[in-house]
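Enquirer: File run.pdb below, PDB, C-alpha atoms, pLDDT in the B column:
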ATOM      1  CA  LEU A   1     150.173 -59.004 -50.016  1.00 46.00           C
ATOM      2  CA  MET A   2     151.794 -56.455 -47.721  1.00 44.00           C
ATOM      3  CA  ASN A   3     153.350 -54.578 -50.653  1.00 51.00           C
ATOM      4  CA  GLU A   4     150.002 -54.657 -52.480  1.00 52.00           C
ATOM      5  CA  ASN A   5     148.248 -53.167 -49.440  1.00 53.00           C
ATOM      6  CA  LYS A   6     150.904 -50.467 -49.163  1.00 53.00           C
ATOM      7  CA  LEU A   7     150.438 -49.562 -52.823  1.00 53.00           C
ATOM      8  CA  ARG A   8     146.665 -49.374 -52.369  1.00 57.00           C
ATOM      9  CA  ALA A   9     147.151 -47.184 -49.303  1.00 54.00           C
ATOM     10  CA  ALA A  10     149.539 -44.941 -51.244  1.00 57.00           C
ATOM     11  CA  ILE A  11     146.859 -44.390 -53.885  1.00 58.00           C
ATOM     12  CA  ALA A  12     143.911 -44.049 -51.488  1.00 56.00           C
ATOM     13  CA  GLN A  13     145.812 -41.786 -49.074  1.00 62.00           C
ATOM     14  CA  ASN A  14     147.743 -39.870 -51.710  1.00 67.00           C
ATOM     15  CA  PRO A  15     148.134 -36.205 -50.672  1.00 65.00           C
ATOM     16  CA  VAL A  16     146.783 -34.936 -54.001  1.00 68.00           C
ATOM     17  CA  LEU A  17     143.515 -36.833 -53.372  1.00 66.00           C
ATOM     18  CA  VAL A  18     143.283 -36.227 -49.617  1.00 64.00           C
ATOM     19  CA  LEU A  19     144.925 -32.855 -48.956  1.00 60.00           C
ATOM     20  CA  LEU A  20     144.983 -31.504 -52.549  1.00 66.00           C
ATOM     21  CA  LEU A  21     148.765 -31.055 -52.322  1.00 64.00           C
ATOM     22  CA  GLY A  22     150.126 -30.505 -55.833  1.00 66.00           C
ATOM     23  CA  ALA A  23     146.605 -30.023 -57.186  1.00 74.00           C
ATOM     24  CA  CYS A  24     147.439 -26.856 -59.163  1.00 76.00           C
ATOM     25  CA  PRO A  25     149.891 -28.448 -61.645  1.00 73.00           C
ATOM     26  CA  ALA A  26     147.840 -31.649 -61.503  1.00 76.00           C
ATOM     27  CA  LEU A  27     144.712 -29.886 -62.766  1.00 82.00           C
ATOM     28  CA  ALA A  28     146.668 -27.981 -65.420  1.00 81.00           C
ATOM     29  CA  ALA A  29     148.423 -31.068 -66.803  1.00 85.00           C
ATOM     30  CA  THR A  30     145.454 -33.444 -66.862  1.00 89.00           C
ATOM     31  CA  THR A  31     143.780 -32.091 -69.985  1.00 90.00           C
ATOM     32  CA  ALA A  32     145.529 -34.954 -71.814  1.00 91.00           C
ATOM     33  CA  VAL A  33     147.217 -38.220 -70.845  1.00 93.00           C
ATOM     34  CA  LEU A  34     150.678 -37.491 -72.285  1.00 91.00           C
ATOM     35  CA  PRO A  35     151.431 -34.296 -70.325  1.00 89.00           C
ATOM     36  CA  ALA A  36     149.848 -35.820 -67.201  1.00 91.00           C
ATOM     37  CA  LEU A  37     152.139 -38.854 -67.308  1.00 92.00           C
ATOM     38  CA  THR A  38     155.138 -36.647 -68.078  1.00 91.00           C
ATOM     39  CA  LEU A  39     154.403 -34.410 -65.102  1.00 90.00           C
ATOM     40  CA  GLY A  40     153.813 -37.440 -62.875  1.00 90.00           C
ATOM     41  CA  VAL A  41     157.078 -39.164 -63.814  1.00 92.00           C
ATOM     42  CA  THR A  42     158.979 -35.871 -63.508  1.00 92.00           C
ATOM     43  CA  ALA A  43     157.500 -35.224 -60.069  1.00 90.00           C
ATOM     44  CA  LEU A  44     158.388 -38.780 -59.026  1.00 93.00           C
ATOM     45  CA  ALA A  45     162.010 -38.319 -60.125  1.00 94.00           C
ATOM     46  CA  VAL A  46     162.335 -34.980 -58.331  1.00 93.00           C
ATOM     47  CA  MET A  47     160.648 -36.428 -55.242  1.00 92.00           C
ATOM     48  CA  LEU A  48     163.009 -39.415 -55.102  1.00 94.00           C
ATOM     49  CA  LEU A  49     166.143 -37.301 -55.540  1.00 94.00           C
ATOM     50  CA  ALA A  50     165.032 -34.677 -53.024  1.00 93.00           C
ATOM     51  CA  SER A  51     164.068 -37.361 -50.483  1.00 93.00           C
ATOM     52  CA  LEU A  52     167.354 -39.211 -50.980  1.00 93.00           C
ATOM     53  CA  PHE A  53     169.516 -36.152 -50.347  1.00 93.00           C
ATOM     54  CA  SER A  54     167.293 -34.866 -47.529  1.00 91.00           C
ATOM     55  CA  SER A  55     167.759 -38.169 -45.731  1.00 90.00           C
ATOM     56  CA  LEU A  56     171.507 -38.150 -46.374  1.00 90.00           C
ATOM     57  CA  ILE A  57     172.206 -34.609 -45.165  1.00 89.00           C
ATOM     58  CA  LYS A  58     169.913 -34.574 -42.109  1.00 85.00           C
ATOM     59  CA  LYS A  59     172.832 -35.282 -39.734  1.00 82.00           C
ATOM     60  CA  LEU A  60     175.256 -32.961 -41.497  1.00 85.00           C
ATOM     61  CA  LEU A  61     173.307 -29.722 -41.053  1.00 83.00           C
ATOM     62  CA  PRO A  62     171.813 -27.898 -38.050  1.00 85.00           C
ATOM     63  CA  ALA A  63     168.078 -28.327 -37.693  1.00 80.00           C
ATOM     64  CA  ASN A  64     167.401 -24.627 -38.352  1.00 82.00           C
ATOM     65  CA  THR A  65     169.123 -24.762 -41.765  1.00 85.00           C
ATOM     66  CA  LEU A  66     167.640 -28.050 -42.960  1.00 86.00           C
ATOM     67  CA  PHE A  67     164.548 -26.446 -44.478  1.00 85.00           C
ATOM     68  CA  ILE A  68     166.674 -24.072 -46.564  1.00 88.00           C
ATOM     69  CA  ALA A  69     168.737 -27.000 -47.803  1.00 89.00           C
ATOM     70  CA  GLN A  70     165.570 -28.916 -48.695  1.00 88.00           C
ATOM     71  CA  PHE A  71     164.227 -25.916 -50.577  1.00 88.00           C
ATOM     72  CA  MET A  72     167.446 -25.636 -52.579  1.00 91.00           C
ATOM     73  CA  LEU A  73     167.435 -29.369 -53.306  1.00 91.00           C
ATOM     74  CA  VAL A  74     163.857 -29.394 -54.593  1.00 91.00           C
ATOM     75  CA  ALA A  75     164.358 -26.217 -56.622  1.00 90.00           C
ATOM     76  CA  GLY A  76     167.617 -27.517 -58.072  1.00 92.00           C
ATOM     77  CA  PHE A  77     166.252 -30.910 -59.109  1.00 93.00           C
ATOM     78  CA  ALA A  78     163.059 -29.336 -60.482  1.00 91.00           C
ATOM     79  CA  SER A  79     165.126 -26.923 -62.583  1.00 91.00           C
ATOM     80  CA  MET A  80     167.229 -29.819 -63.880  1.00 92.00           C
ATOM     81  CA  ALA A  81     164.074 -31.729 -64.802  1.00 91.00           C
ATOM     82  CA  GLN A  82     162.678 -28.669 -66.557  1.00 90.00           C
ATOM     83  CA  LEU A  83     165.847 -28.253 -68.644  1.00 91.00           C
ATOM     84  CA  LEU A  84     165.871 -31.958 -69.573  1.00 91.00           C
ATOM     85  CA  LEU A  85     162.221 -31.830 -70.617  1.00 89.00           C
ATOM     86  CA  ASN A  86     162.880 -28.762 -72.744  1.00 90.00           C
ATOM     87  CA  ALA A  87     165.844 -30.478 -74.421  1.00 90.00           C
ATOM     88  CA  TRP A  88     164.401 -33.968 -74.967  1.00 90.00           C
ATOM     89  CA  LEU A  89     160.621 -33.481 -75.056  1.00 85.00           C
ATOM     90  CA  PRO A  90     160.036 -29.896 -76.225  1.00 88.00           C
ATOM     91  CA  LYS A  91     156.439 -30.552 -77.349  1.00 85.00           C
ATOM     92  CA  VAL A  92     155.441 -31.968 -73.992  1.00 81.00           C
ATOM     93  CA  TYR A  93     157.393 -29.231 -72.225  1.00 86.00           C
ATOM     94  CA  ASN A  94     155.395 -26.615 -74.131  1.00 86.00           C
ATOM     95  CA  MET A  95     152.170 -28.396 -73.184  1.00 80.00           C
ATOM     96  CA  LEU A  96     153.106 -28.213 -69.498  1.00 81.00           C
ATOM     97  CA  GLY A  97     154.177 -24.582 -69.781  1.00 78.00           C
ATOM     98  CA  VAL A  98     154.823 -22.787 -66.504  1.00 79.00           C
ATOM     99  CA  TYR A  99     153.537 -25.736 -64.469  1.00 78.00           C
ATOM    100  CA  ALA A 100     156.758 -27.666 -65.058  1.00 80.00           C
ATOM    101  CA  ALA A 101     158.593 -24.865 -63.250  1.00 80.00           C
ATOM    102  CA  LEU A 102     156.044 -24.968 -60.420  1.00 79.00           C
ATOM    103  CA  LEU A 103     157.453 -28.326 -59.337  1.00 82.00           C
ATOM    104  CA  ALA A 104     160.169 -26.272 -57.643  1.00 78.00           C
ATOM    105  CA  VAL A 105     157.596 -25.061 -55.106  1.00 75.00           C
ATOM    106  CA  ASP A 106     155.249 -28.039 -55.153  1.00 78.00           C
ATOM    107  CA  ALA A 107     153.827 -28.724 -51.696  1.00 76.00           C
ATOM    108  CA  LEU A 108     153.614 -32.467 -52.361  1.00 81.00           C
ATOM    109  CA  ILE A 109     157.342 -32.747 -53.087  1.00 85.00           C
ATOM    110  CA  PHE A 110     158.233 -30.534 -50.102  1.00 84.00           C
ATOM    111  CA  SER A 111     156.109 -32.637 -47.760  1.00 83.00           C
ATOM    112  CA  GLU A 112     157.900 -35.799 -48.894  1.00 85.00           C
ATOM    113  CA  SER A 113     161.289 -34.093 -48.564  1.00 87.00           C
ATOM    114  CA  GLU A 114     160.503 -33.011 -45.010  1.00 86.00           C
ATOM    115  CA  ARG A 115     159.302 -36.484 -44.066  1.00 87.00           C
ATOM    116  CA  ALA A 116     162.449 -38.016 -45.585  1.00 88.00           C
ATOM    117  CA  ALA A 117     164.582 -35.949 -43.206  1.00 86.00           C
ATOM    118  CA  GLN A 118     163.051 -37.942 -40.339  1.00 87.00           C
ATOM    119  CA  GLN A 119     163.634 -41.357 -41.926  1.00 88.00           C
ATOM    120  CA  SER A 120     166.410 -43.667 -43.047  1.00 90.00           C
ATOM    121  CA  VAL A 121     167.431 -43.576 -46.703  1.00 91.00           C
ATOM    122  CA  GLY A 122     165.624 -46.821 -47.527  1.00 91.00           C
ATOM    123  CA  ALA A 123     162.387 -45.820 -45.816  1.00 90.00           C
ATOM    124  CA  ALA A 124     162.485 -42.343 -47.372  1.00 90.00           C
ATOM    125  CA  LEU A 125     162.915 -43.711 -50.894  1.00 92.00           C
ATOM    126  CA  LYS A 126     160.193 -46.319 -50.383  1.00 89.00           C
ATOM    127  CA  ASP A 127     157.665 -43.765 -49.095  1.00 87.00           C
ATOM    128  CA  SER A 128     158.493 -41.299 -51.862  1.00 89.00           C
ATOM    129  CA  PHE A 129     158.226 -43.995 -54.520  1.00 91.00           C
ATOM    130  CA  LEU A 130     154.795 -45.127 -53.317  1.00 86.00           C
ATOM    131  CA  THR A 131     153.576 -41.543 -53.002  1.00 85.00           C
ATOM    132  CA  GLY A 132     154.874 -40.800 -56.494  1.00 87.00           C
ATOM    133  CA  LEU A 133     153.111 -43.862 -57.922  1.00 87.00           C
ATOM    134  CA  GLY A 134     149.881 -42.764 -56.272  1.00 83.00           C
ATOM    135  CA  PHE A 135     150.340 -39.280 -57.738  1.00 86.00           C
ATOM    136  CA  ILE A 136     150.908 -40.720 -61.232  1.00 89.00           C
ATOM    137  CA  ALA A 137     147.821 -42.932 -60.895  1.00 87.00           C
ATOM    138  CA  ALA A 138     145.671 -39.966 -59.838  1.00 85.00           C
ATOM    139  CA  LEU A 139     146.959 -37.878 -62.753  1.00 89.00           C
ATOM    140  CA  PHE A 140     146.473 -40.681 -65.261  1.00 93.00           C
ATOM    141  CA  VAL A 141     142.882 -41.455 -64.262  1.00 91.00           C
ATOM    142  CA  THR A 142     141.900 -37.775 -64.188  1.00 92.00           C
ATOM    143  CA  ALA A 143     143.609 -37.066 -67.519  1.00 94.00           C
ATOM    144  CA  ALA A 144     142.126 -40.139 -69.210  1.00 95.00           C
ATOM    145  CA  ILE A 145     138.579 -39.132 -68.215  1.00 95.00           C
ATOM    146  CA  ARG A 146     139.086 -35.527 -69.306  1.00 95.00           C
ATOM    147  CA  GLU A 147     140.738 -36.381 -72.624  1.00 95.00           C
ATOM    148  CA  ILE A 148     138.390 -39.210 -73.620  1.00 95.00           C
ATOM    149  CA  PHE A 149     135.109 -37.551 -72.673  1.00 95.00           C
ATOM    150  CA  GLY A 150     136.225 -33.942 -73.152  1.00 94.00           C
ATOM    151  CA  ALA A 151     138.359 -34.060 -76.298  1.00 93.00           C
ATOM    152  CA  GLY A 152     137.343 -37.393 -77.808  1.00 94.00           C
ATOM    153  CA  SER A 153     140.861 -38.793 -77.883  1.00 95.00           C
ATOM    154  CA  PHE A 154     143.326 -40.837 -75.850  1.00 94.00           C
ATOM    155  CA  ALA A 155     147.040 -40.016 -75.793  1.00 89.00           C
ATOM    156  CA  GLY A 156     146.501 -37.927 -78.905  1.00 88.00           C
ATOM    157  CA  ILE A 157     144.701 -40.691 -80.818  1.00 92.00           C
ATOM    158  CA  THR A 158     141.225 -39.642 -81.951  1.00 93.00           C
ATOM    159  CA  LEU A 159     138.312 -41.819 -80.826  1.00 93.00           C
ATOM    160  CA  ASP A 160     135.521 -41.184 -83.315  1.00 92.00           C
ATOM    161  CA  PHE A 161     132.599 -42.160 -81.066  1.00 91.00           C
ATOM    162  CA  PHE A 162     133.757 -40.040 -78.129  1.00 92.00           C
ATOM    163  CA  LYS A 163     134.751 -37.221 -80.474  1.00 92.00           C
ATOM    164  CA  ALA A 164     131.175 -37.023 -81.723  1.00 92.00           C
ATOM    165  CA  HIS A 165     129.811 -36.937 -78.175  1.00 90.00           C
ATOM    166  CA  SER A 166     132.565 -34.984 -76.407  1.00 91.00           C
ATOM    167  CA  VAL A 167     131.814 -32.599 -73.544  1.00 92.00           C
ATOM    168  CA  SER A 168     134.132 -29.627 -73.982  1.00 91.00           C
ATOM    169  CA  LEU A 169     133.516 -28.488 -70.395  1.00 92.00           C
ATOM    170  CA  LEU A 170     135.751 -31.312 -69.155  1.00 92.00           C
ATOM    171  CA  THR A 171     138.824 -29.818 -70.834  1.00 91.00           C
ATOM    172  CA  SER A 172     138.282 -26.479 -69.083  1.00 92.00           C
ATOM    173  CA  PRO A 173     139.595 -25.612 -65.592  1.00 87.00           C
ATOM    174  CA  ALA A 174     136.086 -26.055 -64.196  1.00 89.00           C
ATOM    175  CA  GLY A 175     135.923 -29.506 -65.757  1.00 91.00           C
ATOM    176  CA  GLY A 176     139.240 -30.355 -64.147  1.00 90.00           C
ATOM    177  CA  PHE A 177     137.847 -29.578 -60.692  1.00 88.00           C
ATOM    178  CA  ILE A 178     134.713 -31.615 -61.418  1.00 91.00           C
ATOM    179  CA  VAL A 179     136.621 -34.698 -62.596  1.00 92.00           C
ATOM    180  CA  LEU A 180     139.160 -34.494 -59.771  1.00 87.00           C
ATOM    181  CA  ALA A 181     136.325 -34.226 -57.235  1.00 86.00           C
ATOM    182  CA  ILE A 182     134.661 -37.318 -58.721  1.00 89.00           C
ATOM    183  CA  VAL A 183     137.937 -39.271 -58.622  1.00 86.00           C
ATOM    184  CA  MET A 184     138.488 -38.210 -55.004  1.00 83.00           C
ATOM    185  CA  ALA A 185     134.956 -39.287 -54.047  1.00 83.00           C
ATOM    186  CA  VAL A 186     135.296 -42.694 -55.736  1.00 84.00           C
ATOM    187  CA  VAL A 187     138.717 -43.379 -54.191  1.00 78.00           C
ATOM    188  CA  SER A 188     137.428 -42.334 -50.763  1.00 76.00           C
ATOM    189  CA  ALA A 189     134.368 -44.588 -51.048  1.00 79.00           C
ATOM    190  CA  VAL A 190     136.389 -47.595 -52.221  1.00 75.00           C
ATOM    191  CA  SER A 191     138.987 -46.983 -49.511  1.00 71.00           C
ATOM    192  CA  LYS A 192     136.327 -46.895 -46.768  1.00 72.00           C
ATOM    193  CA  LYS A 193     134.712 -50.056 -48.132  1.00 66.00           C
ATOM    194  CA  SER A 194     138.056 -51.884 -48.216  1.00 57.00           C
ATOM    195  CA  THR A 195     138.887 -50.719 -44.696  1.00 53.00           C
ATOM    196  CA  ALA A 196     135.518 -51.925 -43.419  1.00 54.00           C
ATOM    197  CA  ALA A 197     136.005 -55.300 -45.117  1.00 49.00           C
ATOM    198  CA  LEU A 198     139.473 -55.719 -43.625  1.00 41.00           C
ATOM    199  CA  GLY A 199     138.154 -54.705 -40.212  1.00 49.00           C
ATOM    200  CA  GLY A 200     135.388 -57.294 -40.465  1.00 49.00           C
ATOM    201  CA  THR A 201     137.866 -60.006 -41.453  1.00 40.00           C
ATOM    202  CA  ALA A 202     140.148 -59.106 -38.550  1.00 39.00           C
ATOM    203  CA  ASP A 203     137.228 -59.191 -36.099  1.00 46.00           C
ATOM    204  CA  ALA A 204     136.194 -62.610 -37.403  1.00 44.00           C
ATOM    205  CA  ILE A 205     139.713 -63.988 -36.953  1.00 37.00           C
ATOM    206  CA  ILE A 206     139.951 -62.589 -33.404  1.00 43.00           C
ATOM    207  CA  SER A 207     136.542 -64.063 -32.503  1.00 50.00           C
ATOM    208  CA  ALA A 208     137.491 -67.464 -33.933  1.00 44.00           C
ATOM    209  CA  CYS A 209     140.744 -67.469 -31.954  1.00 43.00           C
ATOM    210  CA  ALA A 210     138.913 -66.498 -28.756  1.00 48.00           C
ATOM    211  CA  GLU A 211     136.329 -69.269 -29.227  1.00 52.00           C
ATOM    212  CA  LYS A 212     139.074 -71.805 -29.893  1.00 47.00           C
ATOM    213  CA  LYS A 213     140.932 -70.736 -26.751  1.00 49.00           C
ATOM    214  CA  GLU A 214     137.773 -71.010 -24.638  1.00 54.00           C
ATOM    215  CA  ALA A 215     137.097 -74.462 -26.039  1.00 51.00           C
TER
END
Represent the structure from my file as structure tokens, please.
Expert:
Amino acid sequence: LMNENKLRAAIAQNPVLVLLLGACPALAATTAVLPALTLGVTALAVMLLASLFSSLIKKLLPANTLFIAQFMLVAGFASMAQLLLNAWLPKVYNMLGVYAALLAVDALIFSESERAAQQSVGAALKDSFLTGLGFIAALFVTAAIREIFGAGSFAGITLDFFKAHSVSLLTSPAGGFIVLAIVMAVVSAVSKKSTAALGGTADAIISACAEKKEA
């Protein structure tokens, strides 16, 4: 139950949905499910590696040089990921275009790397993994909506009904902002409702305990 709550929190409080960190490549890659998932998994891998090494080297370097080391780590791992994508998945790499390279300066990955420098290795990897999963979920939902309703397909497979009633606006940059805003609003509303429900349950338990003690 605790792990489930942490995963829900990672999705509801994901920086791309709350602070719009990493929103630029996210919007560019979510025109279709395949590039969105590829970008999400790539970002997760880079995030985990950067967080791991940031946590490991935090005691080996002076505080004023740690940021430079983190920058080099993120840029290095992002470049490695870009080369691997180009070698193994050239079609997807071409779909991502310049946005694969932008992972090297992605604010979401940098924020996780900086936080990892203040944590133990285990905690850093756990936080990065949950944040990465939340990022992938946000990309997948946004991409699925845009591809199904905007292009009439899912993961490249044509859906005849949606193809006949597709809204081309959703595949444009403006459509990306609209869909992302809707996803953010829904996640925020559900998160507030869940928080209120948990708060009510906690209050009920506290009241029951107080009544039992008085009795």
Enquirer: Record the distance separating CA of Leu52 (chain A) and CA of Leu139 (chain A), expressed in Å with one decimal.
Expert: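 Taking CA of Leu52 (chain A) as the start and CA of Leu139 (chain A) as the end point, the length is 23.6 Å.
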Enquirer: Find the residue from A:Gly152, A:Val33, A:Pro90, A:Glu112 that sits nearest to Lys126 (chain A); use only C-alpha atoms when measuring.
Expert: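 Looking at the shortest contact to Lys126 (chain A), the residue is A:Glu112.
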Enquirer: Counting all atoms listed in the file, which residues have an atom no more than 12 Å from (136.7, -39.3, -68.2) in the file's coordinates? Please list them as number ranges by chain.
Expert: A: 30-33, 139-154, 162, 166-171, 175-176, 178-180, 182-183
Enquirer: Would you mind listing what lies within 8 Å of Leu34 (chain A) as a PyMOL selection string, with all atoms listed in the file counted and same-chain residues fewer than 3 positions away left out?
Expert: chain A and resi 37-38+92+155-156
Enquirer: Counting all atoms listed in the file, give me one row per residue of region 49-70 of chain A with an atom at most 12 Å from an atom of region 76-87 of chain A, showing the shortest contact pair and its distance in Å to one decimal, sorted by chain then residue number, as JSON lines.
Expert:
{"residue": "A:Leu49", "atom": "CA", "partner": "A:Phe77", "partner_atom": "CA", "distance": 7.3}
{"residue": "A:Ala50", "atom": "CA", "partner": "A:Phe77", "partner_atom": "CA", "distance": 7.3}
{"residue": "A:Ser51", "atom": "CA", "partner": "A:Phe77", "partner_atom": "CA", "distance": 11.0}
{"residue": "A:Leu52", "atom": "CA", "partner": "A:Phe77", "partner_atom": "CA", "distance": 11.7}
{"residue": "A:Phe53", "atom": "CA", "partner": "A:Phe77", "partner_atom": "CA", "distance": 10.7}
{"residue": "A:Ala69", "atom": "CA", "partner": "A:Gly76", "partner_atom": "CA", "distance": 10.3}
{"residue": "A:Gln70", "atom": "CA", "partner": "A:Gly76", "partner_atom": "CA", "distance": 9.7}
Enquirer: Tell me, in Å to one decimal, how far CA of Val74 (chain A) is from CA of Ala104 (chain A).
Expert: 5.7 Å
Enquirer: Using all atoms listed in the file for the distances, tell me which of A:Ala100, A:Leu108, A:Ala174, A:Ile157 is nearest to Gly134 (chain A).
Expert: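 Using all atoms listed in the file, the shortest distance to Gly134 (chain A) belongs to A:Leu108.
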Enquirer: Kindly resolve the PyMOL selection byres ((chain A and resi 109) around 9) on the present coordinates and return the residues as a VMD selection string.
Expert: chain A and resid 21 to 22 43 to 44 46 to 48 50 to 51 74 103 to 108 110 to 114 128
Enquirer: At what distance in Å, to one decimal, does CA of Gly122 (chain A) lie from CA of Ala26 (chain A)?
Expert: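 The value is 27.2 Å.
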Enquirer: Which residues, written as a list in words, have at least one atom at most 9 Å from region 64-67 of chain A, with only C-alpha atoms counted and residues fewer than 3 positions away on the same chain left out?
Expert: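 That gives Ser54, Ile57, Lys58, Leu61, Gln70, Phe71, Met72, Glu114 and Ala117 of chain A.
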Enquirer: Centre and edge lengths, as JSON, for the axis-aligned box enclosing every listed atom of region 76-82 of chain A with 6 Å of padding on each of the six sides, in Å to one decimal?
Expert:
{"center_x": 165.1, "center_y": -29.3, "center_z": -62.3, "size_x": 16.9, "size_y": 16.8, "size_z": 20.5}
Enquirer: Tell me which of A:Thr131, A:Thr158, A:Thr42, A:Gln118 sits closest to Ala101 (chain A), counting all atoms listed in the file.
Expert: A:Thr42
